[in-house]
$ cat coords19.pdb   # PDB, C-alpha atoms
ATOM      1  CA  MET A1023      -8.607 109.360   7.093
ATOM      2  CA  ALA A1024      -9.110 109.035  10.815
ATOM      3  CA  ASP A1025     -11.408 106.327  12.033
ATOM      4  CA  VAL A1026     -14.200 108.294  13.747
ATOM      5  CA  ARG A1027     -16.294 106.238  16.097
ATOM      6  CA  LEU A1028     -18.898 107.246  18.627
ATOM      7  CA  ARG A1029     -18.295 106.340  22.175
ATOM      8  CA  PRO A1030     -20.717 103.579  23.280
ATOM      9  CA  GLU A1031     -22.610 105.871  25.648
ATOM     10  CA  PHE A1032     -23.314 108.300  22.754
ATOM     11  CA  ALA A1033     -23.940 105.655  20.085
ATOM     12  CA  SER A1034     -27.210 104.565  21.655
ATOM     13  CA  ASP A1035     -28.424 108.178  21.852
ATOM     14  CA  TYR A1036     -27.503 108.717  18.192
ATOM     15  CA  GLU A1037     -29.328 105.553  17.099
ATOM     16  CA  LEU A1038     -32.345 106.528  19.166
ATOM     17  CA  GLY A1039     -32.389 109.980  17.561
ATOM     18  CA  GLU A1040     -32.147 108.478  14.077
ATOM     19  CA  ARG A1041     -34.945 106.086  14.872
ATOM     20  CA  MET A1042     -37.114 108.946  16.145
ATOM     21  CA  ARG A1043     -36.462 110.960  12.952
ATOM     22  CA  ARG A1044     -37.434 107.983  10.794
ATOM     23  CA  LEU A1045     -40.607 107.514  12.812
ATOM     24  CA  GLU A1046     -41.454 111.212  12.433
ATOM     25  CA  ILE A1047     -41.002 110.934   8.645
ATOM     26  CA  GLU A1048     -43.154 107.776   8.504
ATOM     27  CA  LEU A1049     -45.821 109.441  10.664
ATOM     28  CA  ALA A1050     -45.898 112.496   8.393
ATOM     29  CA  ASP A1051     -46.219 110.229   5.347
ATOM     30  CA  ALA A1052     -49.045 108.274   7.005
ATOM     31  CA  GLN A1053     -50.865 111.502   7.879
ATOM     32  CA  ARG A1054     -50.624 112.659   4.257
ATOM     33  CA  VAL A1055     -52.012 109.319   3.056
ATOM     34  CA  ILE A1056     -54.884 109.501   5.568
ATOM     35  CA  ALA A1057     -55.677 113.079   4.533
ATOM     36  CA  ASP A1058     -55.637 112.040   0.868
ATOM     37  CA  LEU A1059     -57.944 109.091   1.554
ATOM     38  CA  ARG A1060     -60.356 111.353   3.430
ATOM     39  CA  ASP A1061     -60.379 113.801   0.519
ATOM     40  CA  ARG A1062     -61.027 110.960  -1.912
ATOM     41  CA  ASP A1063     -63.809 109.573   0.273
ATOM     42  CA  ALA A1064     -65.432 113.020   0.471
ATOM     43  CA  LEU A1065     -65.233 113.325  -3.336
ATOM     44  CA  LYS A1066     -66.749 109.852  -3.735
ATOM     45  CA  THR A1067     -69.594 110.726  -1.395
ATOM     46  CA  GLN A1068     -70.247 114.009  -3.208
ATOM     47  CA  PHE A1069     -70.158 112.235  -6.578
ATOM     48  CA  LEU A1070     -72.664 109.599  -5.407
ATOM     49  CA  SER A1071     -74.930 112.319  -4.077
ATOM     50  CA  ASN A1072     -74.741 114.408  -7.266
ATOM     51  CA  ILE A1073     -75.159 111.560  -9.731
ATOM     52  CA  SER A1074     -78.023 110.020  -7.737
ATOM     53  CA  HIS A1075     -79.846 113.344  -7.641
ATOM     54  CA  ASP A1076     -79.251 113.963 -11.363
ATOM     55  CA  LEU A1077     -80.502 110.489 -12.304
ATOM     56  CA  ARG A1078     -83.748 110.764 -10.374
ATOM     57  CA  THR A1079     -85.219 113.611 -12.447
ATOM     58  CA  PRO A1080     -85.115 111.973 -15.899
ATOM     59  CA  LEU A1081     -86.000 108.567 -14.476
ATOM     60  CA  THR A1082     -89.051 109.975 -12.718
ATOM     61  CA  ALA A1083     -90.092 111.593 -16.021
ATOM     62  CA  ILE A1084     -89.743 108.256 -17.827
ATOM     63  CA  ILE A1085     -91.922 106.483 -15.246
ATOM     64  CA  THR A1086     -94.540 109.250 -15.279
ATOM     65  CA  HIS A1087     -94.890 109.272 -19.073
ATOM     66  CA  ALA A1088     -94.962 105.473 -19.180
ATOM     67  CA  GLU A1089     -97.836 105.537 -16.685
ATOM     68  CA  ILE A1090     -99.659 108.063 -18.893
ATOM     69  CA  LEU A1091     -99.309 105.686 -21.846
ATOM     70  CA  ARG A1092    -100.348 102.659 -19.765
ATOM     71  CA  ASP A1093    -103.493 104.381 -18.516
ATOM     72  CA  GLY A1094    -104.557 105.288 -22.056
ATOM     73  CA  ILE A1095    -104.595 109.046 -21.417
ATOM     74  CA  LEU A1096    -103.014 109.655 -24.841
ATOM     75  CA  GLY A1097    -105.072 106.996 -26.577
ATOM     76  CA  GLU A1098    -105.956 103.342 -26.350
ATOM     77  CA  VAL A1099    -103.156 100.796 -26.126
ATOM     78  CA  THR A1100    -103.342  97.091 -26.842
ATOM     79  CA  PRO A1101    -102.921  94.511 -24.045
ATOM     80  CA  LYS A1102     -99.472  93.609 -25.436
ATOM     81  CA  GLN A1103     -98.431  97.259 -25.432
ATOM     82  CA  LYS A1104     -99.751  97.729 -21.894
ATOM     83  CA  GLU A1105     -97.756  94.701 -20.756
ATOM     84  CA  SER A1106     -94.538  96.120 -22.222
ATOM     85  CA  ILE A1107     -95.210  99.540 -20.703
ATOM     86  CA  SER A1108     -95.781  97.911 -17.300
ATOM     87  CA  VAL A1109     -92.353  96.261 -17.583
ATOM     88  CA  ILE A1110     -90.830  99.701 -18.238
ATOM     89  CA  ILE A1111     -92.575 101.117 -15.175
ATOM     90  CA  THR A1112     -91.509  98.210 -12.937
ATOM     91  CA  GLY A1113     -87.894  98.459 -14.076
ATOM     92  CA  GLY A1114     -87.929 102.219 -13.652
ATOM     93  CA  ARG A1115     -89.253 101.977 -10.120
ATOM     94  CA  GLN A1116     -86.597  99.402  -9.228
ATOM     95  CA  LEU A1117     -83.919 101.762 -10.508
ATOM     96  CA  LEU A1118     -85.493 104.630  -8.595
ATOM     97  CA  ASP A1119     -85.371 102.574  -5.373
ATOM     98  CA  MET A1120     -81.699 101.769  -5.965
ATOM     99  CA  ILE A1121     -80.900 105.422  -6.600
ATOM    100  CA  ALA A1122     -82.746 106.374  -3.421
ATOM    101  CA  GLU A1123     -80.578 103.932  -1.458
ATOM    102  CA  ILE A1124     -77.376 105.393  -2.933
ATOM    103  CA  LEU A1125     -78.581 108.916  -2.184
ATOM    104  CA  THR A1126     -79.474 107.965   1.396
ATOM    105  CA  HIS A1127     -76.064 106.350   1.876
ATOM    106  CA  ALA A1128     -74.246 109.370   0.447
ATOM    107  CA  ARG A1129     -76.274 111.808   2.526
ATOM    108  CA  HIS A1130     -75.606 109.980   5.775
ATOM    109  CA  SER A1131     -71.937 109.311   4.980
ATOM    110  CA  SER A1132     -71.183 113.020   4.655
ATOM    111  CA  GLY A1133     -71.895 113.819   8.301
ATOM    112  CA  PRO A1134     -73.153 112.470  11.624
ATOM    113  CA  LEU A1135     -76.569 110.858  11.634
ATOM    114  CA  THR A1136     -79.304 112.501  13.665
ATOM    115  CA  LEU A1137     -82.737 111.413  14.804
ATOM    116  CA  VAL A1138     -85.944 113.403  14.527
ATOM    117  CA  GLU A1139     -87.509 111.886  17.622
ATOM    118  CA  SER A1140     -91.163 111.468  18.453
ATOM    119  CA  VAL A1141     -93.295 108.997  20.357
ATOM    120  CA  PHE A1142     -95.425 106.798  18.124
ATOM    121  CA  SER A1143     -97.249 103.494  17.899
ATOM    122  CA  ILE A1144     -95.061 100.889  16.226
ATOM    123  CA  GLU A1145     -98.199  98.816  15.614
ATOM    124  CA  GLU A1146     -99.639 101.649  13.505
ATOM    125  CA  VAL A1147     -96.383 101.979  11.565
ATOM    126  CA  VAL A1148     -96.246  98.255  10.813
ATOM    127  CA  THR A1149     -99.904  98.246   9.757
ATOM    128  CA  GLN A1150     -99.277 101.214   7.461
ATOM    129  CA  VAL A1151     -96.219  99.672   5.805
ATOM    130  CA  THR A1152     -97.828  96.266   5.291
ATOM    131  CA  ALA A1153    -100.966  97.877   3.817
ATOM    132  CA  LEU A1154     -98.861  99.741   1.267
ATOM    133  CA  ASN A1155     -97.466  96.404   0.069
ATOM    134  CA  GLU A1156    -100.751  94.559  -0.343
ATOM    135  CA  SER A1157    -100.804  94.918  -4.134
ATOM    136  CA  LEU A1158     -97.248  93.584  -4.439
ATOM    137  CA  VAL A1159     -98.080  90.661  -2.156
ATOM    138  CA  ALA A1160    -101.126  89.792  -4.269
ATOM    139  CA  LYS A1161     -99.159  90.142  -7.508
ATOM    140  CA  LYS A1162     -96.461  87.722  -6.326
ATOM    141  CA  GLY A1163     -98.972  85.274  -4.879
ATOM    142  CA  LEU A1164     -97.630  85.564  -1.331
ATOM    143  CA  SER A1165     -99.348  85.635   2.042
ATOM    144  CA  LEU A1166     -98.497  88.418   4.499
ATOM    145  CA  ASP A1167     -99.340  88.110   8.203
ATOM    146  CA  LEU A1168     -99.080  90.727  10.944
ATOM    147  CA  ASN A1169     -98.792  89.408  14.503
ATOM    148  CA  VAL A1170     -98.919  91.684  17.545
ATOM    149  CA  MET A1171     -97.974  89.861  20.726
ATOM    150  CA  GLY A1172     -99.742  91.423  23.706
ATOM    151  CA  ASP A1173     -99.707  95.059  24.725
ATOM    152  CA  ILE A1174     -96.952  96.891  22.870
ATOM    153  CA  PRO A1175     -95.570 100.078  24.437
ATOM    154  CA  MET A1176     -95.142 103.233  22.419
ATOM    155  CA  VAL A1177     -91.776 103.667  20.722
ATOM    156  CA  ARG A1178     -89.511 106.704  20.961
ATOM    157  CA  GLY A1179     -87.531 107.282  17.789
ATOM    158  CA  ASP A1180     -87.403 108.621  14.275
ATOM    159  CA  ARG A1181     -90.599 107.411  12.609
ATOM    160  CA  ASP A1182     -89.321 107.902   9.039
ATOM    161  CA  LYS A1183     -86.122 105.965   9.702
ATOM    162  CA  VAL A1184     -88.059 103.117  11.312
ATOM    163  CA  ILE A1185     -90.348 102.994   8.282
ATOM    164  CA  HIS A1186     -87.245 102.893   6.068
ATOM    165  CA  VAL A1187     -85.861  99.886   7.975
ATOM    166  CA  LEU A1188     -89.155  98.005   7.941
ATOM    167  CA  THR A1189     -89.756  98.744   4.247
ATOM    168  CA  ASN A1190     -86.291  97.481   3.351
ATOM    169  CA  LEU A1191     -86.668  94.232   5.293
ATOM    170  CA  LEU A1192     -90.125  93.573   3.839
ATOM    171  CA  GLY A1193     -88.886  94.399   0.339
ATOM    172  CA  ASN A1194     -86.116  91.820   0.678
ATOM    173  CA  ALA A1195     -88.575  89.244   2.015
ATOM    174  CA  PHE A1196     -90.921  89.788  -0.943
ATOM    175  CA  GLU A1197     -88.059  89.633  -3.444
ATOM    176  CA  PHE A1198     -86.480  86.427  -2.167
ATOM    177  CA  THR A1199     -89.696  84.506  -1.433
ATOM    178  CA  PRO A1200     -91.167  82.575  -4.364
ATOM    179  CA  SER A1201     -94.831  82.591  -5.305
ATOM    180  CA  GLY A1202     -96.942  80.709  -2.795
ATOM    181  CA  GLY A1203     -94.594  81.570   0.053
ATOM    182  CA  LYS A1204     -95.257  83.327   3.304
ATOM    183  CA  VAL A1205     -94.001  86.592   4.800
ATOM    184  CA  TRP A1206     -94.795  87.811   8.287
ATOM    185  CA  VAL A1207     -94.142  90.654  10.696
ATOM    186  CA  THR A1208     -94.266  90.047  14.440
ATOM    187  CA  VAL A1209     -94.144  92.772  17.077
ATOM    188  CA  SER A1210     -93.520  91.981  20.751
ATOM    189  CA  SER A1211     -92.478  93.785  23.892
ATOM    190  CA  ASN A1212     -89.252  91.725  23.993
ATOM    191  CA  PRO A1213     -89.212  90.828  27.737
ATOM    192  CA  ALA A1214     -86.849  87.895  27.186
ATOM    193  CA  ARG A1215     -83.984  90.162  26.092
ATOM    194  CA  ASP A1216     -84.741  93.641  27.393
ATOM    195  CA  ASP A1217     -88.023  94.952  28.745
ATOM    196  CA  LYS A1218     -87.007  98.475  27.704
ATOM    197  CA  MET A1219     -87.011  97.538  24.011
ATOM    198  CA  VAL A1220     -89.624  96.550  21.457
ATOM    199  CA  LEU A1221     -88.755  93.627  19.193
ATOM    200  CA  LEU A1222     -89.768  93.373  15.531
ATOM    201  CA  GLU A1223     -89.363  90.294  13.381
ATOM    202  CA  VAL A1224     -89.660  90.152   9.591
ATOM    203  CA  GLY A1225     -89.682  86.552   8.429
ATOM    204  CA  ASP A1226     -90.151  84.670   5.192
ATOM    205  CA  THR A1227     -90.142  81.186   3.702
ATOM    206  CA  GLY A1228     -87.704  82.153   0.949
ATOM    207  CA  ARG A1229     -84.325  80.833  -0.132
ATOM    208  CA  GLY A1230     -82.567  81.578   3.163
ATOM    209  CA  ILE A1231     -79.016  82.771   3.865
ATOM    210  CA  ALA A1232     -75.997  80.622   4.735
ATOM    211  CA  PRO A1233     -74.683  81.287   8.283
ATOM    212  CA  ASP A1234     -71.262  82.384   6.992
ATOM    213  CA  HIS A1235     -72.990  85.207   5.080
ATOM    214  CA  HIS A1236     -74.969  86.593   8.030
ATOM    215  CA  GLU A1237     -72.452  89.340   8.748
ATOM    216  CA  LEU A1238     -71.532  89.926   5.093
ATOM    217  CA  ILE A1239     -75.024  91.071   4.109
ATOM    218  CA  PHE A1240     -74.801  94.055   6.483
ATOM    219  CA  ARG A1241     -71.571  95.388   4.911
ATOM    220  CA  GLU A1242     -71.481  98.275   2.429
ATOM    221  CA  PHE A1243     -72.009  97.241  -1.213
ATOM    222  CA  ALA A1244     -71.831  93.546  -0.256
ATOM    223  CA  GLN A1245     -73.677  90.954  -2.320
ATOM    224  CA  VAL A1246     -73.968  87.277  -1.416
ATOM    225  CA  ASP A1247     -74.117  86.602  -5.160
ATOM    226  CA  SER A1248     -71.920  89.191  -6.875
ATOM    227  CA  SER A1249     -71.936  87.567 -10.328
ATOM    228  CA  ALA A1250     -73.226  89.459 -13.360
ATOM    229  CA  SER A1251     -75.769  86.686 -13.937
ATOM    230  CA  ARG A1252     -77.369  86.928 -10.491
ATOM    231  CA  VAL A1253     -81.170  86.926 -10.440
ATOM    232  CA  HIS A1254     -81.624  89.504  -7.689
ATOM    233  CA  HIS A1255     -80.005  92.910  -8.152
ATOM    234  CA  GLY A1256     -79.437  95.769  -5.769
ATOM    235  CA  THR A1257     -76.930  98.270  -4.458
ATOM    236  CA  GLY A1258     -75.831  96.239  -1.445
ATOM    237  CA  LEU A1259     -76.640  99.234   0.761
ATOM    238  CA  GLY A1260     -80.133  98.486   2.058
ATOM    239  CA  LEU A1261     -79.135  96.420   5.087
ATOM    240  CA  THR A1262     -76.127  98.645   5.786
ATOM    241  CA  ILE A1263     -78.436 101.649   6.059
ATOM    242  CA  ALA A1264     -80.934  99.634   8.104
ATOM    243  CA  ARG A1265     -78.221  98.695  10.609
ATOM    244  CA  ARG A1266     -77.091 102.316  10.934
ATOM    245  CA  PHE A1267     -80.627 103.512  11.566
ATOM    246  CA  VAL A1268     -81.352 100.792  14.149
ATOM    247  CA  GLU A1269     -78.059 101.285  15.999
ATOM    248  CA  LEU A1270     -78.641 105.041  16.002
ATOM    249  CA  HIS A1271     -81.737 104.284  18.100
ATOM    250  CA  GLY A1272     -79.646 102.200  20.503
ATOM    251  CA  GLY A1273     -81.104  98.975  19.118
ATOM    252  CA  ASN A1274     -79.672  95.902  17.418
ATOM    253  CA  ILE A1275     -80.419  94.119  14.150
ATOM    254  CA  TRP A1276     -79.557  90.548  13.265
ATOM    255  CA  VAL A1277     -80.627  87.618  11.123
ATOM    256  CA  GLU A1278     -81.382  83.961  11.816
ATOM    257  CA  SER A1279     -81.382  81.871   8.677
ATOM    258  CA  GLU A1280     -80.254  78.702   6.930
ATOM    259  CA  LEU A1281     -80.142  77.971   3.222
ATOM    260  CA  GLY A1282     -83.476  76.598   2.059
ATOM    261  CA  GLU A1283     -85.204  77.382   5.349
ATOM    262  CA  GLY A1284     -86.200  81.025   4.935
ATOM    263  CA  SER A1285     -84.949  84.022   6.906
ATOM    264  CA  ARG A1286     -85.951  85.843  10.081
ATOM    265  CA  PHE A1287     -84.646  89.372  10.550
ATOM    266  CA  PHE A1288     -84.967  90.939  13.996
ATOM    267  CA  PHE A1289     -84.424  94.480  15.227
ATOM    268  CA  THR A1290     -85.088  96.302  18.472
ATOM    269  CA  LEU A1291     -86.257  99.837  19.219
ATOM    270  CA  PRO A1292     -86.453 101.735  22.507
ATOM    271  CA  ALA A1293     -89.809 101.877  24.261
ATOM    272  CA  GLU A1294     -91.103 105.234  25.443
ATOM    273  CA  GLY A1295     -89.420 106.487  28.603
ATOM    274  CA  VAL A1296     -86.081 104.775  27.936
TER
END

$ encode --input "coords19.pdb" --output "structure tokens"
Amino acid sequence: MADVRLRPEFASDYELGERMRRLEIELADAQRVIADLRDRDALKTQFLSNISHDLRTPLTAIITHAEILRDGILGEVTPKQKESISVIITGGRQLLDMIAEILTHARHSSGPLTLVESVFSIEEVVTQVTALNESLVAKKGLSLDLNVMGDIPMVRGDRDKVIHVLTNLLGNAFEFTPSGGKVWVTVSSNPARDDKMVLLEVGDTGRGIAPDHHELIFREFAQVDSSASRVHHGTGLGLTIARRFVELHGGNIWVESELGEGSRFFFTLPAEGV
């Protein structure tokens, strides 16, 4: 059989063509993998949305009927029975909050986030949110302070999303601060960083967060303590959603904390006219 060899000037063209064909095949394979991953992600998001919605209805019914029993509407209950019913209600509400977080995550993962903008007083929002938590603060034996530093400009943004962020940060502060501890919210016009932004701080005297976990806590489904025996449970989505909402406003959110020294969460929002 004749020894067929390509001339050197054609060999390089042949090798280049072969290399291009291999790259085209690899690119097509990569595109199929990406398309498959996107389909899987869409299915995951739809599943989370469906299951969260389906869980809320029976769970809400459980909480409602437990409250009916606790309040003695169907007949008197003993103190021991009332205590057990209250545990059912508390656990049910915690589950409902977790489901709400999953539903919020699924809803906002399925498409671009949008803001329903208005101009509002951030001081009024903070006062409203802290007032709604007074019973929880009293129950845990905490102190809650609201500090407004000077004249605060009106904020332009999505009021409901801002309330969501503030509620999440306060909820974490209450959960991780032991009885006798202190939680505070401070609002300032933030001139040191940017006079076009309003700065909010949610601080506590709780357990604190190690510096190497400061970025981790903002990741999806992340838990600093992921063991089955952990004391504090959650979806790992609260701070992820909070970051999305704050960044959607053009603001930033961050934490300053050390283990054993409490935590201070900060976030910024645009002042009116920005």

$ atom_distance --input "coords19.pdb" --atom1 "CA of Leu1222 (chain A)" --atom2 "CA of Ile1185 (chain A)"
12.1 Å

$ resolve_selection --input "coords19.pdb" --expression "the PyMOL selection byres ((chain A and resi 1206) around 6)" --output "ChimeraX atom specification"
/A:1166-1168,1205,1207,1224-1225

$ atom_distance --input "coords19.pdb" --atom1 "CA of Thr1262 (chain A)" --atom2 "CA of His1236 (chain A)"
12.3 Å

$ closest_residue --input "coords19.pdb" --among "A:Thr1199, A:Ser1210, A:Ser1108, A:Ser1143" --to "Val1159 (chain A)" --atoms "all atoms listed in the file"
A:Thr1199

$ atom_distance --input "coords19.pdb" --atom1 "CA of Ala1160 (chain A)" --atom2 "CA of Thr1189 (chain A)"
16.8 Å

$ residues_near_point --input "coords19.pdb" --point "(-87.6, 91.8, -6.1)" --cutoff "12 Å" --atoms "only C-alpha atoms" --output "list in words"
Thr1112, Gly1113, Arg1115, Gln1116, Leu1117, Asp1119, Met1120, Leu1158, Val1159, Lys1161, Lys1162, Asn1190, Leu1191, Leu1192, Gly1193, Asn1194, Ala1195, Phe1196, Glu1197, Phe1198, Thr1199, Pro1200, Ser1201, Gly1228, Val1253, His1254, His1255 and Gly1256 of chain A

$ resolve_selection --input "coords19.pdb" --expression "the PyMOL selection byres ((chain A and resi 1285) around 7)" --output "PyMOL selection string"
chain A and resi 1225-1228+1230-1231+1278-1279+1283-1284+1286-1287

$ resolve_selection --input "coords19.pdb" --expression "the PyMOL selection byres ((chain A and resi 1273) around 12)" --output "PyMOL selection string"
chain A and resi 1177-1179+1184+1212+1215-1216+1218-1222+1264-1272+1274-1276+1288-1293+1296

$ residues_around --input "coords19.pdb" --residues "region 1076-1090 of chain A" --least-positions-apart "2" --cutoff "10 Å" --atoms "all atoms listed in the file" --output "PyMOL selection string"
chain A and resi 1070-1074+1092-1097+1104+1106-1115+1117-1119+1121-1122+1125

$ closest_residue --input "coords19.pdb" --among "A:Lys1183, A:Glu1156, A:Pro1175, A:Val1151" --to "Thr1136 (chain A)" --atoms "all atoms listed in the file"
A:Lys1183

$ closest_residue --input "coords19.pdb" --among "A:Lys1204, A:His1186, A:Arg1062, A:Arg1229" --to "Gly1260 (chain A)" --atoms "all atoms listed in the file"
A:His1186

$ closest_residue --input "coords19.pdb" --among "A:Val1099, A:Leu1049, A:Leu1038, A:Ser1140" --to "Asp1180 (chain A)" --atoms "only C-alpha atoms"
A:Ser1140

$ closest_residue --input "coords19.pdb" --among "A:Ala1232, A:Ile1124, A:Ala1050, A:Leu1045" --to "Leu1259 (chain A)" --atoms "all atoms listed in the file"
A:Ile1124

$ axis_aligned_box --input "coords19.pdb" --around "region 1200-1211 of chain A" --padding-each-side "6 Å" --output "lines of an AutoDock Vina configuration file"
center_x = -94.1
center_y = 87.2
center_z = 9.3
size_x = 17.8
size_y = 25.1
size_z = 41.2
